[in-house]
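**Student:** Sharing coords_27.cif (mmCIF, C-alpha atoms (C1' of nucleotides)) below.
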data_structure
#
loop_
_atom_site.label_atom_id
_atom_site.label_comp_id
_atom_site.auth_asym_id
_atom_site.auth_seq_id
_atom_site.Cartn_x
_atom_site.Cartn_y
_atom_site.Cartn_z
CA MET A 45 132.52 118.95 -10.29
CA LEU A 46 129.66 120.76 -11.88
CA ALA A 47 127.89 117.44 -11.83
CA ASP A 48 125.84 115.77 -9.10
CA LEU A 49 122.47 117.27 -9.61
CA ARG A 50 121.33 115.98 -6.25
CA ARG A 51 123.53 118.11 -4.07
CA PRO A 52 121.55 120.57 -2.00
CA GLU A 53 123.14 123.60 -3.61
CA ARG A 54 121.49 122.72 -6.85
CA THR A 55 118.97 125.23 -8.09
CA PHE A 56 116.05 125.00 -10.50
CA THR A 57 114.52 127.17 -13.14
CA ILE A 58 110.81 127.74 -13.21
CA ARG A 59 110.39 125.43 -16.15
CA GLN A 60 112.33 122.61 -14.61
CA LEU A 61 109.97 122.56 -11.67
CA CYS A 62 107.00 122.91 -13.97
CA ASN A 63 108.08 119.93 -15.99
CA GLU A 64 108.85 117.86 -12.94
CA PHE A 65 105.52 118.55 -11.27
CA LYS A 66 103.32 119.14 -14.29
CA ALA A 67 102.55 122.69 -13.35
CA THR A 68 102.62 125.89 -15.39
CA PRO A 69 104.86 128.90 -14.90
CA ARG A 70 101.74 130.94 -14.38
CA ALA A 71 100.81 128.74 -11.46
CA LEU A 72 104.19 129.05 -9.75
CA ARG A 73 104.13 132.82 -10.14
CA PHE A 74 100.64 132.81 -8.79
CA TYR A 75 101.74 130.86 -5.74
CA GLU A 76 104.49 133.40 -5.31
CA ASP A 77 102.00 136.24 -5.51
CA LYS A 78 100.05 134.53 -2.80
CA GLY A 79 103.13 134.19 -0.64
CA LEU A 80 103.46 130.44 -0.91
CA LEU A 81 106.80 130.59 -2.63
CA THR A 82 109.65 133.10 -2.47
CA PRO A 83 112.34 132.00 -4.86
CA ALA A 84 115.59 133.93 -5.14
CA ARG A 85 116.39 136.09 -8.13
CA GLU A 86 119.23 136.15 -10.56
CA GLY A 87 118.65 139.41 -12.30
CA LEU A 88 114.98 139.13 -13.17
CA ASN A 89 114.84 135.39 -13.33
CA ARG A 90 113.53 133.23 -10.54
CA VAL A 91 115.90 130.74 -8.99
CA TYR A 92 114.34 127.95 -6.99
CA SER A 93 116.28 126.22 -4.24
CA HIS A 94 115.72 122.77 -2.80
CA LYS A 95 113.68 124.34 -0.07
CA ASP A 96 111.46 125.96 -2.66
CA ARG A 97 111.10 122.63 -4.36
CA VAL A 98 109.99 121.00 -1.14
CA ARG A 99 107.48 123.76 -0.55
CA LEU A 100 106.11 123.27 -4.01
CA GLN A 101 105.70 119.59 -3.32
CA LEU A 102 103.79 120.39 -0.16
CA ILE A 103 101.62 122.87 -2.03
CA LEU A 104 100.67 120.32 -4.66
CA ARG A 105 100.09 117.67 -2.05
CA GLY A 106 97.82 120.05 -0.20
CA LYS A 107 95.91 120.74 -3.38
CA ARG A 108 95.44 117.08 -4.05
CA VAL A 109 93.74 116.61 -0.72
CA GLY A 110 91.53 119.60 -1.37
CA LEU A 111 93.10 122.30 0.76
CA SER A 112 92.77 125.83 -0.51
CA LEU A 113 95.87 127.84 -1.25
CA SER A 114 95.28 130.04 1.76
CA GLU A 115 95.01 127.01 4.01
CA ILE A 116 98.20 125.65 2.53
CA ARG A 117 99.83 128.96 3.15
CA GLU A 118 98.91 128.84 6.80
CA LEU A 119 100.49 125.45 7.14
CA LEU A 120 103.63 126.51 5.33
CA ASP A 121 103.88 129.56 7.50
CA LEU A 122 103.79 127.33 10.55
CA TYR A 123 106.81 125.48 9.31
CA ASP A 124 108.66 128.73 8.88
CA GLU A 125 107.93 130.22 12.25
CA ASN A 126 109.32 126.93 13.57
CA ASP A 127 108.01 127.98 16.95
CA ASP A 128 109.03 124.65 18.33
CA GLY A 129 108.60 122.13 15.56
CA ALA A 130 106.10 120.14 17.55
CA ALA A 131 103.41 122.77 17.95
CA GLN A 132 103.14 123.19 14.18
CA MET A 133 102.94 119.48 13.72
CA ALA A 134 100.06 119.41 16.13
CA ARG A 135 98.26 122.14 14.21
CA SER A 136 98.93 120.50 10.89
CA LEU A 137 97.54 117.29 12.26
CA LYS A 138 94.44 119.06 13.39
CA LYS A 139 94.00 120.67 10.00
CA PHE A 140 94.43 117.37 8.24
CA ARG A 141 91.90 115.70 10.47
CA GLU A 142 89.40 118.45 9.82
CA ARG A 143 89.94 118.08 6.10
CA ALA A 144 89.45 114.35 6.43
CA THR A 145 86.08 114.72 8.12
CA ALA A 146 85.07 117.32 5.53
CA LEU A 147 85.94 114.90 2.76
CA GLU A 148 83.98 112.18 4.48
CA GLN A 149 81.03 114.50 4.55
CA GLN A 150 81.44 115.20 0.86
CA ARG A 151 81.41 111.51 0.21
CA GLU A 152 78.15 111.15 2.03
CA ASP A 153 76.66 113.98 0.03
CA ILE A 154 77.79 112.30 -3.15
CA ASP A 155 76.31 109.03 -2.01
CA GLY A 156 73.02 110.79 -1.40
CA ALA A 157 73.10 112.31 -4.84
CA LEU A 158 73.90 108.94 -6.33
CA ILE A 159 70.89 107.43 -4.64
CA GLU A 160 68.65 110.11 -6.09
CA LEU A 161 70.23 109.65 -9.49
CA ARG A 162 69.94 105.91 -9.55
CA ASP A 163 66.36 106.22 -8.47
CA ALA A 164 65.59 108.64 -11.28
CA CYS A 165 67.44 106.42 -13.75
CA ALA A 166 65.47 103.40 -12.64
CA ARG A 167 62.18 105.20 -13.20
CA LEU A 168 63.22 106.43 -16.61
CA GLU A 169 64.45 103.03 -17.63
CA LYS A 170 61.23 101.44 -16.56
CA ARG A 171 59.05 103.90 -18.43
CA LEU A 172 61.22 103.73 -21.50
CA ALA A 173 61.20 99.96 -21.45
CA GLU A 174 57.44 100.13 -21.52
CA ILE A 175 57.08 102.72 -24.21
CA ARG A 176 60.12 102.77 -26.44
CA PRO A 177 62.54 100.00 -25.47
CA ASP A 178 64.57 100.72 -28.58
CA LEU A 179 65.58 104.12 -27.20
CA LEU A 180 67.20 102.69 -24.09
CA PRO A 181 70.78 103.93 -24.00
CA ARG A 182 72.85 100.89 -23.27
CA ALA A 183 76.39 99.60 -22.86
CA ALA A 184 77.49 100.94 -26.21
CA ASP A 185 76.83 104.55 -25.26
CA TYR A 186 78.45 103.95 -21.95
CA ASP A 187 81.72 102.90 -23.45
CA GLN A 188 82.07 106.28 -25.06
CA VAL A 189 81.74 108.01 -21.75
CA LEU A 190 84.27 105.74 -20.15
CA ARG A 191 86.73 106.14 -22.97
CA ALA A 192 86.36 109.89 -22.93
CA ARG A 193 87.09 109.79 -19.25
CA LEU A 194 90.29 107.85 -19.69
CA ASP A 195 92.32 110.52 -21.42
CA GLY A 196 92.73 114.16 -20.73
CA HIS A 197 90.93 115.00 -17.54
CA GLN A 198 91.18 113.04 -14.35
CA ASP A 199 90.51 116.29 -12.53
CA ALA A 200 86.92 115.72 -11.60
CA ALA A 201 86.65 116.11 -7.88
CA LEU A 202 89.04 118.47 -6.18
CA GLY A 203 91.31 121.22 -7.33
CA LYS A 204 91.06 121.11 -11.04
CA MET B 289 34.97 128.01 -2.98
CA LEU B 290 38.08 130.06 -2.82
CA ALA B 291 39.52 127.19 -0.86
CA ASP B 292 41.19 124.02 -2.09
CA LEU B 293 44.75 125.07 -2.50
CA ARG B 294 45.49 121.93 -4.42
CA ARG B 295 43.50 122.63 -7.50
CA PRO B 296 45.74 123.12 -10.51
CA GLU B 297 44.59 126.66 -11.11
CA ARG B 298 46.24 127.68 -7.93
CA THR B 299 49.13 130.09 -8.28
CA PHE B 300 52.06 130.97 -6.08
CA THR B 301 53.96 134.07 -5.17
CA ILE B 302 57.70 134.11 -5.28
CA ARG B 303 57.91 133.98 -1.52
CA GLN B 304 55.59 131.06 -1.19
CA LEU B 305 57.81 128.98 -3.40
CA CYS B 306 60.88 130.26 -1.63
CA ASN B 307 59.48 129.21 1.72
CA GLU B 308 58.36 125.88 0.47
CA PHE B 309 61.69 125.01 -1.11
CA LYS B 310 64.06 126.99 1.06
CA ALA B 311 65.25 129.16 -1.77
CA THR B 312 65.67 132.93 -2.03
CA PRO B 313 63.81 135.31 -4.31
CA ARG B 314 67.11 136.24 -5.80
CA ALA B 315 67.67 132.64 -6.79
CA LEU B 316 64.31 132.30 -8.50
CA ARG B 317 64.82 135.50 -10.41
CA PHE B 318 68.25 134.28 -11.35
CA TYR B 319 66.82 131.05 -12.70
CA GLU B 320 64.42 133.15 -14.69
CA ASP B 321 67.26 135.22 -16.09
CA LYS B 322 68.88 132.00 -17.17
CA GLY B 323 65.73 130.83 -18.84
CA LEU B 324 64.94 128.04 -16.40
CA LEU B 325 61.68 129.61 -15.28
CA THR B 326 59.17 131.84 -17.03
CA PRO B 327 56.45 132.73 -14.58
CA ALA B 328 53.48 134.79 -15.67
CA ARG B 329 53.08 138.40 -14.61
CA GLU B 330 50.35 140.25 -12.85
CA GLY B 331 51.43 143.78 -13.35
CA LEU B 332 55.04 143.61 -12.36
CA ASN B 333 54.67 140.76 -9.95
CA ARG B 334 55.60 137.22 -10.82
CA VAL B 335 52.90 134.61 -10.70
CA TYR B 336 54.01 131.01 -10.57
CA SER B 337 51.78 128.24 -11.84
CA HIS B 338 51.84 124.60 -10.91
CA LYS B 339 53.98 123.95 -13.93
CA ASP B 340 56.46 126.51 -12.72
CA ARG B 341 56.45 124.83 -9.36
CA VAL B 342 57.26 121.49 -10.91
CA ARG B 343 60.05 123.04 -12.92
CA LEU B 344 61.48 124.54 -9.78
CA GLN B 345 61.40 121.16 -8.12
CA LEU B 346 63.28 119.70 -11.04
CA ILE B 347 65.81 122.50 -10.91
CA LEU B 348 66.52 121.93 -7.26
CA ARG B 349 66.66 118.21 -7.72
CA GLY B 350 69.17 118.72 -10.50
CA LYS B 351 71.25 120.93 -8.28
CA ARG B 352 71.27 118.37 -5.52
CA VAL B 353 72.80 115.81 -7.82
CA GLY B 354 75.39 118.28 -8.96
CA LEU B 355 74.11 119.36 -12.34
CA SER B 356 74.94 122.88 -13.42
CA LEU B 357 72.14 125.29 -14.20
CA SER B 358 72.92 125.16 -17.89
CA GLU B 359 72.72 121.39 -17.87
CA ILE B 360 69.43 121.58 -16.04
CA ARG B 361 68.22 124.05 -18.60
CA GLU B 362 69.00 121.65 -21.41
CA LEU B 363 66.98 118.96 -19.74
CA LEU B 364 64.06 121.26 -19.09
CA ASP B 365 64.16 122.43 -22.68
CA LEU B 366 63.85 118.85 -23.77
CA TYR B 367 60.64 118.48 -21.83
CA ASP B 368 59.26 121.57 -23.50
CA GLU B 369 60.04 120.63 -27.05
CA ASN B 370 58.23 117.41 -26.15
CA ASP B 371 59.45 116.07 -29.44
CA ASP B 372 57.90 112.78 -28.58
CA GLY B 373 58.11 112.41 -24.85
CA ALA B 374 60.25 109.34 -25.10
CA ALA B 375 63.24 110.79 -26.88
CA GLN B 376 63.74 113.34 -24.15
CA MET B 377 63.45 110.69 -21.51
CA ALA B 378 66.19 108.80 -23.25
CA ARG B 379 68.40 111.85 -23.27
CA SER B 380 67.67 112.65 -19.66
CA LEU B 381 68.55 109.13 -18.76
CA LYS B 382 71.82 109.44 -20.58
CA LYS B 383 72.61 112.67 -18.81
CA PHE B 384 71.81 111.16 -15.45
CA ARG B 385 74.00 108.19 -16.11
CA GLU B 386 76.87 110.42 -17.10
CA ARG B 387 76.43 112.41 -13.94
CA ALA B 388 76.41 109.21 -11.94
CA THR B 389 79.71 108.05 -13.36
CA ALA B 390 81.15 111.51 -12.80
CA LEU B 391 80.09 111.36 -9.18
CA GLU B 392 81.60 107.93 -8.83
CA GLN B 393 84.82 109.34 -10.17
CA GLN B 394 84.66 112.14 -7.65
CA ARG B 395 84.24 109.61 -4.92
CA GLU B 396 87.34 107.82 -6.02
CA ASP B 397 89.27 111.06 -6.03
CA ILE B 398 88.07 111.75 -2.53
CA ASP B 399 89.05 108.30 -1.43
CA GLY B 400 92.50 108.88 -2.84
CA ALA B 401 92.80 112.14 -0.99
CA LEU B 402 91.61 110.47 2.18
CA ILE B 403 94.32 107.87 1.87
CA GLU B 404 96.95 110.55 1.50
CA LEU B 405 95.49 112.43 4.43
CA ARG B 406 95.29 109.46 6.74
CA ASP B 407 98.82 108.59 5.83
CA ALA B 408 100.04 112.08 6.68
CA CYS B 409 98.03 112.03 9.90
CA ALA B 410 99.53 108.73 10.91
CA ARG B 411 103.05 110.05 10.41
CA LEU B 412 102.36 113.17 12.37
CA GLU B 413 100.73 111.26 15.16
CA LYS B 414 103.67 108.93 15.39
CA ARG B 415 106.24 111.71 15.52
CA LEU B 416 104.20 113.69 17.98
CA ALA B 417 103.71 110.67 20.20
CA GLU B 418 107.47 110.31 20.33
CA ILE B 419 108.30 113.94 20.93
CA ARG B 420 105.38 115.72 22.57
CA PRO B 421 102.59 113.28 23.34
CA ASP B 422 100.84 115.99 25.31
CA LEU B 423 100.21 117.98 22.13
CA LEU B 424 98.28 115.21 20.41
CA PRO B 425 94.87 116.62 19.43
CA ARG B 426 92.39 114.09 20.61
CA ALA B 427 88.70 113.29 20.89
CA ALA B 428 87.92 116.51 22.74
CA ASP B 429 88.97 118.73 19.82
CA TYR B 430 87.12 116.46 17.50
CA ASP B 431 83.84 116.97 19.23
CA GLN B 432 84.01 120.66 18.44
CA VAL B 433 84.32 119.98 14.77
CA LEU B 434 81.43 117.59 14.84
CA ARG B 435 79.23 119.92 16.79
CA ALA B 436 80.06 122.79 14.49
CA ARG B 437 79.05 120.59 11.61
CA LEU B 438 75.69 119.81 13.07
CA ASP B 439 74.16 123.24 12.82
CA GLY B 440 74.16 125.75 10.04
CA HIS B 441 75.88 124.34 7.04
CA GLN B 442 75.26 120.92 5.63
CA ASP B 443 76.30 122.28 2.26
CA ALA B 444 79.71 120.76 1.98
CA ALA B 445 79.91 118.86 -1.22
CA LEU B 446 77.76 119.94 -4.09
CA GLY B 447 75.82 123.03 -4.92
CA LYS B 448 76.22 125.15 -1.89
"C1'" DG C 171 121.98 141.18 -36.98
"C1'" DG C 172 117.89 139.02 -36.92
"C1'" DA C 173 115.26 134.81 -35.33
"C1'" DT C 174 114.05 131.96 -31.66
"C1'" DA C 175 113.40 130.54 -27.00
"C1'" DA C 176 112.58 131.56 -22.32
"C1'" DG C 177 112.14 134.72 -18.93
"C1'" DT C 178 109.72 138.93 -16.84
"C1'" DT C 179 105.62 142.09 -15.21
"C1'" DG C 180 101.07 143.82 -15.35
"C1'" DA C 181 96.34 143.37 -16.04
"C1'" DC C 182 92.07 141.79 -17.66
"C1'" DG C 183 89.12 137.42 -18.62
"C1'" DT C 184 86.86 133.14 -17.15
"C1'" DT C 185 83.45 130.34 -14.56
"C1'" DT C 186 79.21 129.55 -11.27
"C1'" DA C 187 75.42 130.90 -8.57
"C1'" DC C 188 73.86 133.87 -6.59
"C1'" DG C 189 74.59 138.10 -2.48
"C1'" DT C 190 74.03 142.70 -1.79
"C1'" DA C 191 72.88 147.22 -2.15
"C1'" DA C 192 70.24 151.18 -4.39
"C1'" DA C 193 66.14 153.17 -5.56
"C1'" DC C 194 61.59 152.78 -6.24
"C1'" DG C 195 56.26 151.07 -6.35
"C1'" DT C 196 52.13 148.82 -4.00
"C1'" DT C 197 49.30 147.35 -0.38
"C1'" DG C 198 47.50 146.86 4.21
"C1'" DA C 199 47.50 147.98 9.18
"C1'" DC C 200 47.17 151.27 12.54
"C1'" DG D 236 49.79 159.70 7.01
"C1'" DT D 237 53.13 156.74 7.59
"C1'" DC D 238 55.50 152.63 8.62
"C1'" DA D 239 56.33 147.87 7.60
"C1'" DA D 240 56.36 144.13 4.49
"C1'" DC D 241 56.64 142.54 0.11
"C1'" DG D 242 57.41 143.23 -4.61
"C1'" DT D 243 60.19 145.14 -8.71
"C1'" DT D 244 64.68 146.40 -11.78
"C1'" DT D 245 69.52 147.39 -12.58
"C1'" DA D 246 73.92 146.47 -11.65
"C1'" DC D 247 78.15 145.71 -9.30
"C1'" DG D 248 80.61 142.30 -5.97
"C1'" DT D 249 82.37 137.71 -4.63
"C1'" DA D 250 85.44 133.61 -4.44
"C1'" DA D 251 89.38 130.35 -6.55
"C1'" DA D 252 92.96 129.52 -9.34
"C1'" DC D 253 94.81 130.33 -12.65
"C1'" DG D 254 94.48 131.31 -18.45
"C1'" DT D 255 95.53 134.45 -21.74
"C1'" DC D 256 97.02 138.27 -23.89
"C1'" DA D 257 100.35 142.33 -24.38
"C1'" DA D 258 104.63 144.36 -24.37
"C1'" DC D 259 109.33 144.01 -23.12
"C1'" DT D 260 114.19 142.19 -21.82
"C1'" DT D 261 117.83 138.86 -21.98
"C1'" DA D 262 120.46 135.09 -23.72
"C1'" DT D 263 121.69 132.10 -27.43
"C1'" DC D 264 122.27 130.16 -32.07
"C1'" DC D 265 123.61 130.66 -36.68
#
Can you dump the structure from the file as structure tokens?
**Tutor:**
Amino acid sequence: MLADLRRPERTFTIRQLCNEFKATPRALRFYEDKGLLTPAREGLNRVYSHKDRVRLQLILRGKRVGLSLSEIRELLDLYDENDDGAAQMARSLKKFRERATALEQQREDIDGALIELRDACARLEKRLAEIRPDLLPRAADYDQVLRARLDGHQDAALGK
Amino acid sequence: MLADLRRPERTFTIRQLCNEFKATPRALRFYEDKGLLTPAREGLNRVYSHKDRVRLQLILRGKRVGLSLSEIRELLDLYDENDDGAAQMARSLKKFRERATALEQQREDIDGALIELRDACARLEKRLAEIRPDLLPRAADYDQVLRARLDGHQDAALGK
DNA sequence: GGATAAGTTGACGTTTACGTAAACGTTGAC
DNA sequence: GTCAACGTTTACGTAAACGTCAACTTATCC
């Protein structure tokens, strides 16, 4: 009768949530500071409910798509005011669409930068081929970069 | 005989370069602090040579492709040591290639975020269409975003 | 009765690329 | 003579999202 970890009354410690979502205690406390989470207390210790867990999921999802914590907070607040349930959905939708167009813009900027880069690379390669072909960094060097990229940090673009 | 602004002896004031490249004096002085520029002095005033101008161009180009100032500095230092002329080109090339793959990674991250976003949007749109179709934000709202994006800030992605 | 583990609350440190005064000097126009 | 326009230095402020101590309490294991 103490079993069934899925029942809604189940609570979580800070570390349980951290392990589940690969976050740090510091981060969760930080989100709390910022008003994104408000777990209950048991003495001093934080006690996270299912609702808190859901909010954390939303927070992390928001981060993945590049929303700032304050933007995420606004959205979460909407869900709390539940001033209808539909009005907040409409505003969330709007926010998401804005973020989408912003990301599209970022992609274009990146594409522009890539064009400049490839252009510069092409020039350098050409000159080097003429002068010192032996110095041309080739596939071998590249593998190192790719391998380095495979472990550790896949946090390049958005919230690190 | 005082004419011909193109002759290499020509020098520039800080503001001339700022106007030409849409930078601020503060920025140029900052680059100097960081060792990216070392203009001559005429009394207190900075006097930029053609070489300085080229360096500034390289700095800004580096920024556009997302290099940090310290990375840019490394590259510029290479050109100064001119320990051959070819070796530095090889290293620049390597750096550029690394940056290119990093940018490609960023693009993938953005694409991933866009997928999540579009998914969330689709859900919201569906639910809203069922419940309160009148609240669906549509093309009209979108125009505002686009118009807002057209003036002022095209600084979304990289160095702002 | 420690040692260990996990929790807590401050509070300062980090990073990047400048912005923003403050306070002052120089030059040219009127 | 004085006001504007441009230049200078020094130095603190900013934003985001935590990391990293420090110093302490509480619970548990042996």
**Student:** Near chain B, meaning an atom within 7 Å, which residues of chain A appear when counting all atoms listed in the file? Write them as a VMD selection string.
**Tutor:** chain A and resid 108 to 109 130 133 to 134 137 to 138 140 144 147 149 to 151 153 to 154 157 to 158 161 165 168 172 176 179 to 181 200 to 201
**Student:** Quick one: which chain A residues come within 9 Å of chain C, and what is the nearest atom pair for each with the distance in Å to one decimal, counting all atoms listed in the file, rows ordered by chain and ascending number, as JSON lines?
**Tutor:**
{"residue": "A:Arg59", "atom": "CA", "partner": "C:DA176", "partner_atom": "C1'", "distance": 9.0}
{"residue": "A:Leu88", "atom": "CA", "partner": "C:DT178", "partner_atom": "C1'", "distance": 6.4}
{"residue": "A:Asn89", "atom": "CA", "partner": "C:DG177", "partner_atom": "C1'", "distance": 6.3}
{"residue": "A:Arg90", "atom": "CA", "partner": "C:DG177", "partner_atom": "C1'", "distance": 8.6}
**Student:** Return as a VMD selection string the residues belonging to chain B that are within 12 Å of chain D, counting all atoms listed in the file.
**Tutor:** chain B and resid 301 to 304 313 to 314 317 329 to 335
**Student:** Store the residues of this selection in a file with C-alpha atoms, as a short mmCIF file (atom, residue, chain, number, x, y, z; two decimals), keeping the file's coordinate frame.
**Tutor:**
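Once written, again-v4.cif looks like this:
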data_model
loop_
_atom_site.label_atom_id
_atom_site.label_comp_id
_atom_site.auth_asym_id
_atom_site.auth_seq_id
_atom_site.Cartn_x
_atom_site.Cartn_y
_atom_site.Cartn_z
CA THR B 301 53.96 134.07 -5.17
CA ILE B 302 57.70 134.11 -5.28
CA ARG B 303 57.91 133.98 -1.52
CA GLN B 304 55.59 131.06 -1.19
CA PRO B 313 63.81 135.31 -4.31
CA ARG B 314 67.11 136.24 -5.80
CA ARG B 317 64.82 135.50 -10.41
CA ARG B 329 53.08 138.40 -14.61
CA GLU B 330 50.35 140.25 -12.85
CA GLY B 331 51.43 143.78 -13.35
CA LEU B 332 55.04 143.61 -12.36
CA ASN B 333 54.67 140.76 -9.95
CA ARG B 334 55.60 137.22 -10.82
CA VAL B 335 52.90 134.61 -10.70
#
**Student:** Once 3 Å is added on each side, what centre and edge lengths in Å to one decimal does the axis-aligned box around all listed atoms of region 188-194 of chain C have, as JSON?
**Tutor:**
{"center_x": 68.1, "center_y": 143.5, "center_z": -4.2, "size_x": 19.0, "size_y": 25.3, "size_z": 10.8}
**Student:** One decimal, in Å: what's the spacing between CA of Glu359 (chain B) and CA of Lys170 (chain A)?
**Tutor:** 23.1 Å
**Student:** Between CA of Arg298 (chain B) and CA of Asp163 (chain A), what is the distance, to one decimal in Å?
**Tutor:**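 For CA of Arg298 (chain B) relative to CA of Asp163 (chain A), the distance reads 29.4 Å.
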**Student:** Can you measure CA of Leu324 (chain B) to CA of Leu364 (chain B) for me? One decimal in Å is fine.
**Tutor:**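 Spanning CA of Leu324 (chain B) to CA of Leu364 (chain B) is a straight-line distance of 7.3 Å.
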